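Q: For reference, the structure I am asking about is given below.
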Amino acid sequence: MMLDRYADAVGDLDPADGEVATAELVVTDDVLVKAFVLAPGGEIDAHEHADATNVFHVLEGEPTVIRDGESERLAA
């Protein structure tokens, strides 16, 4: 899927308060690009990607990321 089809991929993502919805945008052997829509109060459980680099591109809102016990608020 091409990234210019982003709107189509996430158009139906509408999580209820406290929930998270996701869509996989690009999946190859060495790349995974996912879209996350977090409703107010939505959280993603702590987890690791030991052999990967995470890149966050915030389009709207201000999520908080916690890494090594330190929290950082991101902004669009």
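Chain lettering (A, B, ...) mirrors the order of the structure tokens, residue numbering begins at 1 for each chain separately, and ligand numbering begins at 1 in order of display.
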Could you find all residues in chain A that DSSP calls strand (DSSP E or B) from the backbone, and write them as a compact mmCIF listing (two decimals) with C-alpha atoms, in the first residue's frame?

A:
```txt
# COMPACT_ATOMS: atom_id res chain seq x y z
CA VAL A 20 -6.91 2.22 20.23
CA ALA A 21 -7.41 1.32 16.57
CA THR A 22 -4.61 0.48 14.11
CA ALA A 23 -4.04 -0.04 10.41
CA GLU A 24 -0.99 -1.50 8.70
CA LEU A 25 0.12 0.85 5.92
CA VAL A 26 3.30 -0.85 4.68
CA VAL A 27 4.45 -4.40 5.45
CA LEU A 32 6.40 -2.09 9.10
CA VAL A 33 4.49 1.18 9.01
CA LYS A 34 1.38 1.33 11.17
CA ALA A 35 -1.13 4.04 11.90
CA PHE A 36 -2.45 4.28 15.44
CA VAL A 37 -5.55 6.22 16.42
CA LEU A 38 -5.79 6.67 20.17
CA THR A 64 2.87 10.75 25.76
CA VAL A 65 5.65 8.24 25.15
CA ILE A 66 7.41 6.56 28.09
CA ARG A 67 10.92 5.20 27.51
CA GLU A 70 11.11 8.90 31.26
CA SER A 71 7.96 10.35 29.72
CA GLU A 72 7.85 12.78 26.84
CA ARG A 73 4.82 14.45 25.35
```

Q: For atom CA of A:Arg5 and atom CA of A:Leu74, determine how far apart the two atoms are, in Å to one decimal place.

A: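 A separation of 24.3 Å between them.
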
Q: State, in Å with one decimal place, the distance from atom CA of A:Ala75 to atom CA of A:Gly61.

A: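 Atom-to-atom, atom CA of A:Ala75 and atom CA of A:Gly61 are spaced 6.3 Å apart.
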
Q: As an MDAnalysis selection string, please: every residue in chain A that a backbone DSSP assignment puts in helix (DSSP H, G or I).

A: chainID A and resid 3:10

Q: Between A:Asp30, A:Asp17, A:Asp8, A:Asp68, which has the minimum distance to A:Thr53 (counting only C-alpha atoms)?

A: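 Looking at the shortest contact to A:Thr53, the residue is A:Asp30.
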
Q: Would you compute the distance between atom CA of A:Glu19 and atom CA of A:Ala39? Give it in Å to one decimal.

A: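 So the answer is 5.7 Å.
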